[in-house]
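Novice: Provided below: upload-v4.cif, containing mmCIF, C-alpha atoms.
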```
data_run
loop_
_atom_site.group_PDB
_atom_site.id
_atom_site.type_symbol
_atom_site.label_atom_id
_atom_site.label_comp_id
_atom_site.auth_asym_id
_atom_site.auth_seq_id
_atom_site.Cartn_x
_atom_site.Cartn_y
_atom_site.Cartn_z
ATOM 1 C CA MET Q 1 191.518 84.356 -40.175
ATOM 2 C CA THR Q 2 193.491 87.269 -38.762
ATOM 3 C CA PRO Q 3 191.725 90.204 -37.058
ATOM 4 C CA LEU Q 4 192.725 92.433 -39.982
ATOM 5 C CA LEU Q 5 191.180 90.068 -42.526
ATOM 6 C CA VAL Q 6 187.982 89.918 -40.467
ATOM 7 C CA ALA Q 7 187.932 93.733 -40.430
ATOM 8 C CA VAL Q 8 188.401 93.802 -44.208
ATOM 9 C CA LEU Q 9 185.517 91.362 -44.687
ATOM 10 C CA ILE Q 10 183.301 93.517 -42.462
ATOM 11 C CA LEU Q 11 184.239 96.602 -44.496
ATOM 12 C CA ALA Q 12 183.495 94.729 -47.735
ATOM 13 C CA VAL Q 13 180.065 93.660 -46.481
ATOM 14 C CA ALA Q 14 179.422 97.240 -45.324
ATOM 15 C CA PHE Q 15 180.364 98.550 -48.779
ATOM 16 C CA ASP Q 16 178.093 96.024 -50.471
ATOM 17 C CA TYR Q 17 175.232 96.979 -48.148
ATOM 18 C CA VAL Q 18 175.778 100.698 -48.807
ATOM 19 C CA ASN Q 19 176.017 99.929 -52.528
ATOM 20 C CA GLY Q 20 172.634 98.230 -52.274
ATOM 21 C CA PHE Q 21 170.738 101.138 -50.734
ATOM 22 C CA HIS Q 22 172.771 103.736 -52.652
ATOM 23 C CA ASP Q 23 171.871 102.124 -55.970
ATOM 24 C CA THR Q 24 168.300 101.017 -55.216
ATOM 25 C CA ALA Q 25 167.123 103.934 -57.307
ATOM 26 C CA ASN Q 26 168.913 102.516 -60.344
ATOM 27 C CA ALA Q 27 166.539 99.575 -60.497
ATOM 28 C CA ILE Q 28 163.248 100.995 -59.294
ATOM 29 C CA ALA Q 29 163.111 104.801 -59.551
ATOM 30 C CA THR Q 30 161.452 104.798 -62.953
ATOM 31 C CA SER Q 31 158.873 102.191 -61.933
ATOM 32 C CA VAL Q 32 157.977 104.127 -58.798
ATOM 33 C CA ALA Q 33 157.897 107.453 -60.650
ATOM 34 C CA THR Q 34 155.438 106.098 -63.233
ATOM 35 C CA ARG Q 35 153.374 104.364 -60.512
ATOM 36 C CA ALA Q 36 153.969 100.975 -62.091
ATOM 37 C CA LEU Q 37 155.002 99.725 -58.653
ATOM 38 C CA ARG Q 38 154.447 100.889 -55.111
ATOM 39 C CA PRO Q 39 157.738 101.798 -53.404
ATOM 40 C CA ALA Q 40 157.648 98.927 -50.896
ATOM 41 C CA HIS Q 41 156.823 96.370 -53.581
ATOM 42 C CA ALA Q 42 159.474 97.795 -55.887
ATOM 43 C CA ILE Q 43 162.168 97.584 -53.217
ATOM 44 C CA LEU Q 44 161.342 93.970 -52.350
ATOM 45 C CA MET Q 45 161.380 93.001 -56.007
ATOM 46 C CA ALA Q 46 164.680 94.799 -56.567
ATOM 47 C CA ALA Q 47 166.235 93.077 -53.539
ATOM 48 C CA ALA Q 48 165.144 89.649 -54.782
ATOM 49 C CA PHE Q 49 166.399 90.134 -58.341
ATOM 50 C CA ASN Q 50 169.646 91.732 -57.136
ATOM 51 C CA PHE Q 51 170.285 88.574 -55.123
ATOM 52 C CA ILE Q 52 169.547 86.286 -58.066
ATOM 53 C CA GLY Q 53 171.612 88.399 -60.461
ATOM 54 C CA ALA Q 54 174.696 88.075 -58.249
ATOM 55 C CA PHE Q 55 174.963 84.422 -59.285
ATOM 56 C CA ALA Q 56 175.067 85.249 -63.017
ATOM 57 C CA GLY Q 57 178.860 85.017 -63.315
ATOM 58 C CA THR Q 58 182.246 86.176 -61.992
ATOM 59 C CA ALA Q 59 183.869 87.920 -64.979
ATOM 60 C CA VAL Q 60 183.593 91.362 -63.359
ATOM 61 C CA ALA Q 61 184.913 89.998 -60.050
ATOM 62 C CA LYS Q 62 188.000 88.689 -61.848
ATOM 63 C CA THR Q 63 188.557 92.120 -63.421
ATOM 64 C CA ILE Q 64 188.489 93.761 -59.978
ATOM 65 C CA GLY Q 65 190.686 91.056 -58.471
ATOM 66 C CA THR Q 66 193.328 90.729 -61.167
ATOM 67 C CA GLY Q 67 192.704 93.209 -63.999
ATOM 68 C CA LEU Q 68 193.379 96.610 -62.415
ATOM 69 C CA VAL Q 69 196.254 96.285 -59.961
ATOM 70 C CA ASP Q 70 199.103 93.817 -59.447
ATOM 71 C CA GLU Q 71 197.623 91.359 -56.966
ATOM 72 C CA ALA Q 72 201.132 90.382 -55.847
ATOM 73 C CA THR Q 73 201.656 93.866 -54.379
ATOM 74 C CA THR Q 74 198.193 94.117 -52.813
ATOM 75 C CA THR Q 75 197.985 93.884 -49.037
ATOM 76 C CA GLN Q 76 195.018 93.668 -46.704
ATOM 77 C CA VAL Q 77 195.682 97.272 -45.639
ATOM 78 C CA VAL Q 78 195.376 98.380 -49.277
ATOM 79 C CA VAL Q 79 192.041 96.593 -49.607
ATOM 80 C CA ALA Q 80 190.806 98.060 -46.303
ATOM 81 C CA ALA Q 81 191.803 101.576 -47.387
ATOM 82 C CA ALA Q 82 190.123 101.093 -50.762
ATOM 83 C CA LEU Q 83 186.878 100.087 -49.063
ATOM 84 C CA VAL Q 84 187.020 103.051 -46.684
ATOM 85 C CA GLY Q 85 187.426 105.396 -49.655
ATOM 86 C CA ALA Q 86 184.514 103.815 -51.515
ATOM 87 C CA ILE Q 87 182.183 103.772 -48.512
ATOM 88 C CA ALA Q 88 182.990 107.394 -47.611
ATOM 89 C CA TRP Q 89 182.272 108.654 -51.130
ATOM 90 C CA ASN Q 90 179.076 106.618 -51.367
ATOM 91 C CA LEU Q 91 177.757 108.040 -48.105
ATOM 92 C CA ILE Q 92 178.630 111.605 -49.096
ATOM 93 C CA THR Q 93 176.852 111.360 -52.445
ATOM 94 C CA TRP Q 94 173.902 109.490 -50.914
ATOM 95 C CA ARG Q 95 173.492 112.235 -48.311
ATOM 96 C CA LEU Q 96 173.496 114.855 -51.065
ATOM 97 C CA GLY Q 97 171.100 112.818 -53.233
ATOM 98 C CA ILE Q 98 173.633 112.565 -56.080
ATOM 99 C CA PRO Q 99 173.422 109.323 -58.124
ATOM 100 C CA SER Q 100 177.169 108.691 -58.358
ATOM 101 C CA SER Q 101 178.751 105.339 -59.162
ATOM 102 C CA SER Q 102 179.444 102.866 -56.347
ATOM 103 C CA SER Q 103 181.465 100.836 -58.843
ATOM 104 C CA HIS Q 104 183.807 103.673 -59.687
ATOM 105 C CA ALA Q 105 184.044 104.646 -56.017
ATOM 106 C CA LEU Q 106 185.415 101.170 -55.274
ATOM 107 C CA ILE Q 107 187.746 101.264 -58.275
ATOM 108 C CA GLY Q 108 188.954 104.741 -57.320
ATOM 109 C CA GLY Q 109 189.574 103.675 -53.730
ATOM 110 C CA LEU Q 110 191.534 100.620 -54.874
ATOM 111 C CA LEU Q 111 193.657 102.618 -57.320
ATOM 112 C CA GLY Q 112 194.349 105.400 -54.824
ATOM 113 C CA ALA Q 113 195.391 103.045 -52.019
ATOM 114 C CA THR Q 114 197.503 100.926 -54.376
ATOM 115 C CA LEU Q 115 199.214 103.974 -55.848
ATOM 116 C CA VAL Q 116 200.506 105.262 -52.498
ATOM 117 C CA ALA Q 117 201.269 101.788 -51.149
ATOM 118 C CA ALA Q 118 203.070 100.196 -54.089
ATOM 119 C CA GLY Q 119 203.664 102.908 -56.689
ATOM 120 C CA VAL Q 120 202.582 103.535 -60.272
ATOM 121 C CA ALA Q 121 204.135 100.296 -61.526
ATOM 122 C CA SER Q 122 201.546 98.304 -59.566
ATOM 123 C CA ILE Q 123 198.682 99.790 -61.607
ATOM 124 C CA LYS Q 124 197.749 97.746 -64.679
ATOM 125 C CA VAL Q 125 197.248 100.712 -66.975
ATOM 126 C CA ALA Q 126 196.114 98.673 -69.983
ATOM 127 C CA GLY Q 127 193.494 96.870 -67.898
ATOM 128 C CA PHE Q 128 192.317 100.150 -66.365
ATOM 129 C CA LEU Q 129 191.942 101.788 -69.782
ATOM 130 C CA GLU Q 130 190.236 98.775 -71.380
ATOM 131 C CA LYS Q 131 187.977 97.650 -68.529
ATOM 132 C CA VAL Q 132 187.218 100.959 -66.782
ATOM 133 C CA VAL Q 133 187.896 104.046 -68.884
ATOM 134 C CA LEU Q 134 186.491 102.687 -72.147
ATOM 135 C CA PRO Q 135 183.224 101.467 -70.559
ATOM 136 C CA LEU Q 136 183.075 104.652 -68.448
ATOM 137 C CA VAL Q 137 182.902 106.718 -71.611
ATOM 138 C CA SER Q 138 181.064 104.358 -73.942
ATOM 139 C CA SER Q 139 178.355 102.783 -71.762
ATOM 140 C CA PRO Q 140 176.479 106.034 -70.980
ATOM 141 C CA VAL Q 141 176.680 107.056 -74.639
ATOM 142 C CA ILE Q 142 175.360 103.671 -75.760
ATOM 143 C CA GLY Q 143 172.622 103.820 -73.108
ATOM 144 C CA PHE Q 144 171.584 107.317 -74.208
ATOM 145 C CA VAL Q 145 171.519 106.515 -77.921
ATOM 146 C CA LEU Q 146 169.750 103.155 -77.617
ATOM 147 C CA ALA Q 147 167.131 104.557 -75.231
ATOM 148 C CA PHE Q 148 166.470 107.463 -77.577
ATOM 149 C CA VAL Q 149 166.154 105.134 -80.580
ATOM 150 C CA LEU Q 150 163.882 102.703 -78.707
ATOM 151 C CA MET Q 151 161.715 105.573 -77.477
ATOM 152 C CA VAL Q 152 161.305 106.980 -80.995
ATOM 153 C CA ALA Q 153 160.497 103.491 -82.305
ATOM 154 C CA LEU Q 154 157.852 102.928 -79.608
ATOM 155 C CA PHE Q 155 156.269 106.297 -80.308
ATOM 156 C CA TRP Q 156 156.108 105.445 -84.008
ATOM 157 C CA ILE Q 157 154.671 101.956 -83.417
ATOM 158 C CA PHE Q 158 151.992 103.226 -81.031
ATOM 159 C CA ARG Q 159 151.457 106.616 -82.677
ATOM 160 C CA GLY Q 160 147.708 106.068 -83.074
ATOM 161 C CA ALA Q 161 147.082 104.455 -79.689
ATOM 162 C CA ASP Q 162 144.950 106.055 -77.004
ATOM 163 C CA ARG Q 163 147.187 107.431 -74.258
ATOM 164 C CA ARG Q 164 145.493 105.969 -71.152
ATOM 165 C CA PRO Q 165 145.244 102.322 -72.313
ATOM 166 C CA LEU Q 166 148.819 102.602 -73.579
ATOM 167 C CA ALA Q 167 149.988 103.816 -70.173
ATOM 168 C CA ARG Q 168 148.259 100.902 -68.434
ATOM 169 C CA ARG Q 169 149.883 98.443 -70.829
ATOM 170 C CA PHE Q 170 153.378 99.784 -70.246
ATOM 171 C CA ARG Q 171 152.878 99.906 -66.484
ATOM 172 C CA ARG Q 172 152.397 96.142 -66.650
ATOM 173 C CA LEU Q 173 155.425 95.765 -68.914
ATOM 174 C CA GLN Q 174 157.473 97.741 -66.403
ATOM 175 C CA LEU Q 175 157.132 94.845 -63.986
ATOM 176 C CA LEU Q 176 159.324 92.907 -66.405
ATOM 177 C CA SER Q 177 161.713 95.731 -67.267
ATOM 178 C CA ALA Q 178 162.225 96.697 -63.600
ATOM 179 C CA GLY Q 179 162.960 93.071 -62.709
ATOM 180 C CA PHE Q 180 165.396 92.862 -65.625
ATOM 181 C CA MET Q 181 167.082 96.063 -64.437
ATOM 182 C CA ALA Q 182 167.433 94.749 -60.874
ATOM 183 C CA PHE Q 183 168.825 91.419 -62.135
ATOM 184 C CA SER Q 184 171.402 93.184 -64.306
ATOM 185 C CA HIS Q 185 172.397 95.418 -61.391
ATOM 186 C CA GLY Q 186 173.082 92.349 -59.252
ATOM 187 C CA SER Q 187 174.978 90.673 -62.084
ATOM 188 C CA ASN Q 188 177.439 93.576 -62.315
ATOM 189 C CA ASP Q 189 177.607 95.392 -58.977
ATOM 190 C CA ALA Q 190 177.651 92.447 -56.562
ATOM 191 C CA GLN Q 191 180.652 91.058 -58.418
ATOM 192 C CA LYS Q 192 182.754 94.096 -57.514
ATOM 193 C CA THR Q 193 182.540 93.241 -53.839
ATOM 194 C CA MET Q 194 183.231 89.587 -54.651
ATOM 195 C CA GLY Q 195 186.383 90.689 -56.451
ATOM 196 C CA VAL Q 196 187.722 92.828 -53.617
ATOM 197 C CA ILE Q 197 186.963 90.152 -50.970
ATOM 198 C CA THR Q 198 188.726 87.547 -53.105
ATOM 199 C CA LEU Q 199 191.695 89.900 -53.493
ATOM 200 C CA ALA Q 200 191.871 90.296 -49.689
ATOM 201 C CA LEU Q 201 191.689 86.521 -49.154
ATOM 202 C CA PHE Q 202 194.492 86.010 -51.680
ATOM 203 C CA ALA Q 203 196.637 88.710 -50.034
ATOM 204 C CA ALA Q 204 196.150 86.969 -46.672
ATOM 205 C CA GLY Q 205 197.165 83.605 -48.124
ATOM 206 C CA VAL Q 206 193.756 82.059 -47.401
ATOM 207 C CA ILE Q 207 193.215 81.043 -51.048
ATOM 208 C CA PRO Q 208 195.930 80.073 -53.566
ATOM 209 C CA THR Q 209 194.493 81.892 -56.601
ATOM 210 C CA VAL Q 210 192.261 84.913 -57.232
ATOM 211 C CA ASP Q 211 189.203 82.784 -58.003
ATOM 212 C CA VAL Q 212 185.919 83.640 -56.296
ATOM 213 C CA PRO Q 213 184.827 81.067 -53.655
ATOM 214 C CA THR Q 214 181.142 80.136 -53.590
ATOM 215 C CA TRP Q 215 180.659 81.454 -50.047
ATOM 216 C CA VAL Q 216 181.943 84.860 -51.181
ATOM 217 C CA ILE Q 217 179.283 84.975 -53.916
ATOM 218 C CA LEU Q 218 176.599 84.152 -51.353
ATOM 219 C CA LEU Q 219 177.928 86.746 -48.889
ATOM 220 C CA ALA Q 220 178.034 89.516 -51.502
ATOM 221 C CA ALA Q 221 174.594 88.650 -52.871
ATOM 222 C CA THR Q 222 173.062 88.695 -49.390
ATOM 223 C CA ALA Q 223 174.663 91.988 -48.335
ATOM 224 C CA MET Q 224 173.623 93.771 -51.517
ATOM 225 C CA SER Q 225 170.045 92.499 -51.415
ATOM 226 C CA LEU Q 226 169.692 93.541 -47.751
ATOM 227 C CA GLY Q 227 171.055 96.986 -48.612
ATOM 228 C CA THR Q 228 168.630 97.233 -51.499
ATOM 229 C CA ALA Q 229 165.771 96.361 -49.157
ATOM 230 C CA ALA Q 230 166.783 99.324 -46.978
ATOM 231 C CA GLY Q 231 165.923 101.677 -49.842
ATOM 232 C CA GLY Q 232 167.540 104.811 -51.218
ATOM 233 C CA TRP Q 233 164.887 107.498 -51.263
ATOM 234 C CA ARG Q 234 167.110 110.563 -51.706
ATOM 235 C CA ILE Q 235 168.638 109.348 -54.955
ATOM 236 C CA MET Q 236 165.331 107.881 -56.091
ATOM 237 C CA ALA Q 237 163.807 111.361 -56.110
ATOM 238 C CA THR Q 238 166.590 112.623 -58.388
ATOM 239 C CA MET Q 239 166.430 109.676 -60.777
ATOM 240 C CA GLY Q 240 162.655 109.379 -60.913
ATOM 241 C CA HIS Q 241 161.473 112.976 -61.012
ATOM 242 C CA ARG Q 242 164.100 115.694 -61.193
ATOM 243 C CA VAL Q 243 165.867 114.764 -64.447
ATOM 244 C CA VAL Q 244 162.898 113.802 -66.684
ATOM 245 C CA GLU Q 245 159.130 113.653 -66.203
ATOM 246 C CA LEU Q 246 158.543 109.974 -66.894
ATOM 247 C CA GLU Q 247 155.513 108.107 -68.202
ATOM 248 C CA PRO Q 248 155.299 104.280 -68.214
ATOM 249 C CA ILE Q 249 156.464 104.013 -71.814
ATOM 250 C CA HIS Q 250 159.564 106.076 -70.958
ATOM 251 C CA GLY Q 251 160.279 103.981 -67.888
ATOM 252 C CA PHE Q 252 160.005 100.752 -69.856
ATOM 253 C CA ALA Q 253 162.358 102.014 -72.566
ATOM 254 C CA ALA Q 254 164.941 103.343 -70.107
ATOM 255 C CA GLU Q 255 164.973 100.214 -67.934
ATOM 256 C CA THR Q 256 165.091 97.773 -70.848
ATOM 257 C CA THR Q 257 167.929 99.654 -72.536
ATOM 258 C CA ALA Q 258 169.998 100.110 -69.388
ATOM 259 C CA ALA Q 259 169.578 96.493 -68.259
ATOM 260 C CA THR Q 260 170.679 95.208 -71.677
ATOM 261 C CA VAL Q 261 173.829 97.356 -71.661
ATOM 262 C CA ILE Q 262 174.701 96.421 -68.056
ATOM 263 C CA ILE Q 263 174.255 92.664 -68.401
ATOM 264 C CA THR Q 264 176.261 92.666 -71.645
ATOM 265 C CA ALA Q 265 179.085 94.507 -69.879
ATOM 266 C CA ALA Q 266 178.958 91.997 -66.992
ATOM 267 C CA HIS Q 267 179.369 89.145 -69.474
ATOM 268 C CA LEU Q 268 182.432 90.917 -70.924
ATOM 269 C CA GLY Q 269 183.944 91.464 -67.463
ATOM 270 C CA MET Q 270 183.519 95.238 -67.578
ATOM 271 C CA PRO Q 271 182.617 96.849 -64.214
ATOM 272 C CA VAL Q 272 180.340 99.522 -65.635
ATOM 273 C CA SER Q 273 178.338 101.915 -63.533
ATOM 274 C CA THR Q 274 174.660 101.009 -63.358
ATOM 275 C CA THR Q 275 174.077 104.585 -62.199
ATOM 276 C CA HIS Q 276 175.709 106.047 -65.303
ATOM 277 C CA VAL Q 277 173.858 103.750 -67.679
ATOM 278 C CA ILE Q 278 170.349 104.185 -66.264
ATOM 279 C CA SER Q 279 170.876 107.932 -65.856
ATOM 280 C CA SER Q 280 171.934 108.288 -69.489
ATOM 281 C CA ALA Q 281 169.058 106.057 -70.624
ATOM 282 C CA ILE Q 282 166.607 108.293 -68.753
ATOM 283 C CA MET Q 283 168.154 111.320 -70.451
ATOM 284 C CA GLY Q 284 167.854 109.525 -73.787
ATOM 285 C CA VAL Q 285 164.118 108.877 -73.417
ATOM 286 C CA GLY Q 286 163.664 112.437 -72.192
ATOM 287 C CA THR Q 287 165.462 113.825 -75.237
ATOM 288 C CA SER Q 288 162.940 112.030 -77.464
ATOM 289 C CA LYS Q 289 160.475 114.733 -76.347
ATOM 290 C CA GLY Q 290 162.870 117.411 -77.556
ATOM 291 C CA ALA Q 291 165.702 119.315 -75.881
ATOM 292 C CA HIS Q 292 163.279 120.639 -73.268
ATOM 293 C CA GLY Q 293 162.460 117.079 -72.171
ATOM 294 C CA VAL Q 294 165.525 116.905 -69.883
ATOM 295 C CA ARG Q 295 166.306 119.231 -66.990
ATOM 296 C CA TRP Q 296 169.869 119.805 -68.077
ATOM 297 C CA GLY Q 297 170.856 121.677 -64.911
ATOM 298 C CA VAL Q 298 170.216 118.562 -62.822
ATOM 299 C CA ALA Q 299 171.818 116.370 -65.499
ATOM 300 C CA ARG Q 300 174.922 118.575 -65.422
ATOM 301 C CA GLY Q 301 175.314 117.953 -61.688
ATOM 302 C CA ILE Q 302 175.093 114.204 -62.271
ATOM 303 C CA LEU Q 303 177.734 114.412 -65.010
ATOM 304 C CA VAL Q 304 180.105 116.273 -62.677
ATOM 305 C CA ALA Q 305 179.694 113.498 -60.093
ATOM 306 C CA TRP Q 306 180.568 110.948 -62.781
ATOM 307 C CA VAL Q 307 183.837 112.720 -63.554
ATOM 308 C CA VAL Q 308 185.015 113.299 -59.985
ATOM 309 C CA THR Q 309 184.050 109.953 -58.417
ATOM 310 C CA ILE Q 310 187.197 107.950 -59.258
ATOM 311 C CA PRO Q 311 189.715 110.662 -58.247
ATOM 312 C CA ALA Q 312 187.705 111.668 -55.144
ATOM 313 C CA ALA Q 313 187.361 108.082 -53.888
ATOM 314 C CA GLY Q 314 190.998 107.505 -54.833
ATOM 315 C CA LEU Q 315 192.072 110.445 -52.679
ATOM 316 C CA VAL Q 316 190.093 109.158 -49.700
ATOM 317 C CA GLY Q 317 191.489 105.652 -50.251
ATOM 318 C CA ALA Q 318 195.047 107.032 -50.295
ATOM 319 C CA LEU Q 319 194.445 109.044 -47.113
ATOM 320 C CA ALA Q 320 192.925 105.981 -45.441
ATOM 321 C CA TRP Q 321 196.048 103.977 -46.282
ATOM 322 C CA PHE Q 322 198.286 106.622 -44.701
ATOM 323 C CA VAL Q 323 196.111 106.703 -41.565
ATOM 324 C CA LEU Q 324 195.989 102.919 -41.209
ATOM 325 C CA THR Q 325 199.747 102.663 -41.774
ATOM 326 C CA ALA Q 326 200.428 105.415 -39.227
ATOM 327 C CA LEU Q 327 198.303 103.510 -36.710
ATOM 328 C CA GLY Q 328 200.516 100.470 -37.204
ATOM 329 C CA VAL Q 329 197.920 98.349 -39.020
ATOM 330 C CA HIS Q 330 199.621 95.734 -41.174
#
```
In C-alpha cells, what does this structure look like?
Specialist:
Amino acid sequence: MTPLLVAVLILAVAFDYVNGFHDTANAIATSVATRALRPAHAILMAAAFNFIGAFAGTAVAKTIGTGLVDEATTTQVVVAAALVGAIAWNLITWRLGIPSSSSHALIGGLLGATLVAAGVASIKVAGFLEKVVLPLVSSPVIGFVLAFVLMVALFWIFRGADRRPLARRFRRLQLLSAGFMAFSHGSNDAQKTMGVITLALFAAGVIPTVDVPTWVILLAATAMSLGTAAGGWRIMATMGHRVVELEPIHGFAAETTAATVIITAAHLGMPVSTTHVISSAIMGVGTSKGAHGVRWGVARGILVAWVVTIPAAGLVGALAWFVLTALGVH
C-alpha cells in the first residue's frame, strides 16, 4: 500500500470512530433518559450491537462506492478530502451538541471533493436523488408518522393500566428496543465507511471491483463500536431531554419505530441518517401528547442542521481537496 492509501485508511477509521461517539445518542439516549439503562451499560450494549449490525449486509456500502459518483474519476485525494470534510463537520456539531447526520456529512464531503476534482459530470445525479435526497426527505417523515401512530395505539391499548407498573414493563421492553436500535445503526452507518474505504482501495488499484472485502467490514465494525464505547454525552442530552420529556413507553415507541425504518433502508441500500430518523421519531411520540409535547425551538435547530449538513461538509471537502492538491498530494 502507498503512504497516501494508508493515510486514507487512517482517516476512514477516524471518521468511523467519530461517527460512533457522535451517534451514540441515537441508540441509547432514550433508554438513558427513561432510566431503562444506566449510561455505562447502555454504551456497552450499543457498542456490541453496533458491531454485530455491521455484518448485516453491504447494500449501503455499494451505494456509497458506486451509486453517487463515477468511481472511475475518483482518486485517493478525493476520498481523503471527503473524509476530512465529514470529520470536521462531525466534530463541529458534536462540540455544539447538535445531532447532525454523520452519514450526510460523509456524502456531502464526497460530493464536494468530487465536484471540484472531476466536475459535475462525475456526479451520478439520479443515484443521488434516489438514494440520498428521497430518503433524506421521506425517512424522517415516515419515522415521525409511524412513531406518532404507534404511540397513540399504545396509549389506547393500555389506557386503563396503572402508570407505575406500565412504566416498569416498558423499561424492560426498552432493553430490546435499544438493542434493536443499536443493531440497525450498525447495519446502516458502518457500511458508509466500508463503502468509502472500498472506493479508495479501488482507486489505488488494490482491488479489481468495488466490492467490499471481509477485512474492511471487520475494520469498520471495530472502529464504530470502539467509538460508540467512547460515548457522546453532549448530543445525548439534546436527544434524551431537551426535545421531549420521555417516559419508558415513549422511548420504546421511538426506538422501535426508528430501528425498523433504518434497517429497512439498509436492506434497500439507502444511506439514511439514523440521527434524522430517531430525532423525528422522538418528535412523533412527543406530538402524541399534543403540540406542547415537543420543544419546537430545539427541534427547529436540529432541522436547520439537517438542511445544512450536506452543503457544509461538501464545502469543507472541496476546500480540503484544494489544500491537499496545493501541497502536492497525489
Novice: Pick out the residues sitting within 8 Å of Asp16 of chain Q, and hand them over as a VMD selection string; count only C-alpha atoms, and ignore anything fewer than 6 positions along from it in its own chain.
Specialist: chain Q and resid 190 193 220 223 to 224 227
Novice: So which residues get picked by the PyMOL selection byres ((chain Q and resi 83) around 10) here, written as a ChimeraX atom specification?
Specialist: /Q:8-16,77-82,84-89,105-110,113,193,196,313,316-317,320
Novice: When distances are computed from all atoms listed in the file, which of Q:Glu71, Q:Pro208, Q:Leu115, Q:Gln76 shows the smallest separation from Leu315 of chain Q?
Specialist: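 Looking at the shortest contact to Leu315 of chain Q, the residue is Q:Leu115.
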Novice: Which residue is closest to Gly284 of chain Q? Choose from Q:Val304, Q:Val216, Q:Ala230, Q:Val152 and count all atoms listed in the file.
Specialist: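 Among the listed residues, the smallest separation from Gly284 of chain Q belongs to Q:Val152.
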Novice: Report the distance between atom CA of Ile217 of chain Q and atom CA of Asn19 of chain Q in Å, rounded to one decimal place.
Specialist: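 Calculated distance between atom CA of Ile217 of chain Q and atom CA of Asn19 of chain Q is 15.4 Å.
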Novice: Considering all atoms listed in the file, can you say which of Q:Ser122, Q:Ser225, Q:Ser288, Q:Thr58 comes closest to Ala266 of chain Q?
Specialist: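 Using all atoms listed in the file, Ala266 of chain Q sits closest to Q:Thr58.
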Novice: Could you tell me which residues the PyMOL selection byres ((chain Q and resi 275) around 7) returns for this structure, as a list in words?
Specialist: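 Matching residues under the PyMOL selection byres ((chain Q and resi 275) around 7) are Asn26, Pro99, Ser100, Ser101, Ser273, Thr274, His276, Val277, Ile278 and Ser279 of chain Q.
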Novice: I need the output of the PyMOL selection byres ((chain Q and resi 252-261) around 7) for this file as a PDB file with C-alpha atoms, keeping the file's coordinate frame; which residues are they?
Specialist:
```pdb
ATOM      1  CA  GLY Q 143     172.622 103.820 -73.108  1.00  0.00           C
ATOM      2  CA  LEU Q 146     169.750 103.155 -77.617  1.00  0.00           C
ATOM      3  CA  ALA Q 147     167.131 104.557 -75.231  1.00  0.00           C
ATOM      4  CA  LEU Q 150     163.882 102.703 -78.707  1.00  0.00           C
ATOM      5  CA  MET Q 151     161.715 105.573 -77.477  1.00  0.00           C
ATOM      6  CA  PHE Q 170     153.378  99.784 -70.246  1.00  0.00           C
ATOM      7  CA  LEU Q 173     155.425  95.765 -68.914  1.00  0.00           C
ATOM      8  CA  GLN Q 174     157.473  97.741 -66.403  1.00  0.00           C
ATOM      9  CA  SER Q 177     161.713  95.731 -67.267  1.00  0.00           C
ATOM     10  CA  ALA Q 178     162.225  96.697 -63.600  1.00  0.00           C
ATOM     11  CA  PHE Q 180     165.396  92.862 -65.625  1.00  0.00           C
ATOM     12  CA  MET Q 181     167.082  96.063 -64.437  1.00  0.00           C
ATOM     13  CA  SER Q 184     171.402  93.184 -64.306  1.00  0.00           C
ATOM     14  CA  PRO Q 248     155.299 104.280 -68.214  1.00  0.00           C
ATOM     15  CA  ILE Q 249     156.464 104.013 -71.814  1.00  0.00           C
ATOM     16  CA  HIS Q 250     159.564 106.076 -70.958  1.00  0.00           C
ATOM     17  CA  GLY Q 251     160.279 103.981 -67.888  1.00  0.00           C
ATOM     18  CA  ILE Q 262     174.701  96.421 -68.056  1.00  0.00           C
ATOM     19  CA  ILE Q 263     174.255  92.664 -68.401  1.00  0.00           C
ATOM     20  CA  THR Q 264     176.261  92.666 -71.645  1.00  0.00           C
ATOM     21  CA  ALA Q 265     179.085  94.507 -69.879  1.00  0.00           C
ATOM     22  CA  VAL Q 277     173.858 103.750 -67.679  1.00  0.00           C
ATOM     23  CA  ILE Q 278     170.349 104.185 -66.264  1.00  0.00           C
ATOM     24  CA  ALA Q 281     169.058 106.057 -70.624  1.00  0.00           C
ATOM     25  CA  ILE Q 282     166.607 108.293 -68.753  1.00  0.00           C
ATOM     26  CA  VAL Q 285     164.118 108.877 -73.417  1.00  0.00           C
TER      27      VAL Q 285
END
```
Novice: Of the residues Q:Ala200, Q:Leu96, Q:Ala126, Q:Val18, which is the one nearest to Gly67 of chain Q, using all atoms listed in the file?
Specialist: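 The closest residue to Gly67 of chain Q is Q:Ala126.
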Novice: What is the distance between atom CA of Gly112 of chain Q and atom CA of Thr309 of chain Q, in Å to one decimal?
Specialist: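 It comes out at 11.8 Å.
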Novice: Taking all atoms listed in the file into account, which of Q:Gly119, Q:Gly286, Q:Gly20, Q:Pro135 comes nearest Gly186 of chain Q?
Specialist: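 Among the listed residues, Q:Gly20 lies closest to Gly186 of chain Q.
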Novice: Of the candidates Q:Asn90, Q:Thr75, Q:Pro140, Q:Arg164, which one gets nearest to Ile310 of chain Q if we count all atoms listed in the file?
Specialist: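 When distances to Ile310 of chain Q are compared using all atoms listed in the file, the smallest one comes from Q:Asn90.
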Novice: Can you list, as a list in words, every protein, DNA or RNA residue that comes within 7 Å of Ala59 of chain Q when you count only C-alpha atoms, leaving out same-chain residues fewer than 3 positions away?
Specialist: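 Once the adjacent positions are removed, what remains is Lys62, Thr63, Ala266, His267, Leu268 and Gly269 of chain Q.
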Novice: For segment 143-158 of chain Q, take all atoms listed in the file, fit an axis-aligned box around them, add 5 Å to each of the six sides, then output centre and edge lengths in Å rounded to one decimal, as AutoDock Vina command-line options.
Specialist:
```
--center_x 162.3 --center_y 104.7 --center_z -78.6 --size_x 30.6 --size_y 15.5 --size_z 20.9
```
Novice: Might you pull out every residue within 7 Å of Pro271 of chain Q, with all atoms listed in the file counted and same-chain residues fewer than 5 positions away left off, and present them as a PyMOL selection string?
Specialist: chain Q and resi 60+103+131-132+188+266
Novice: Quick one: pull the distance between atom CA of Thr222 of chain Q and atom CA of Val272 of chain Q, Å, one decimal.
Specialist: 20.8 Å
Novice: Excluding Ala56 of chain Q and its own-chain neighbours fewer than 2 positions away, which residues fall within 7 Å of it when counting all atoms listed in the file? Please give them as a list in words.
Specialist: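 Surrounding residues, per the criterion: Gly53, Ala54 and Ser187 of chain Q.
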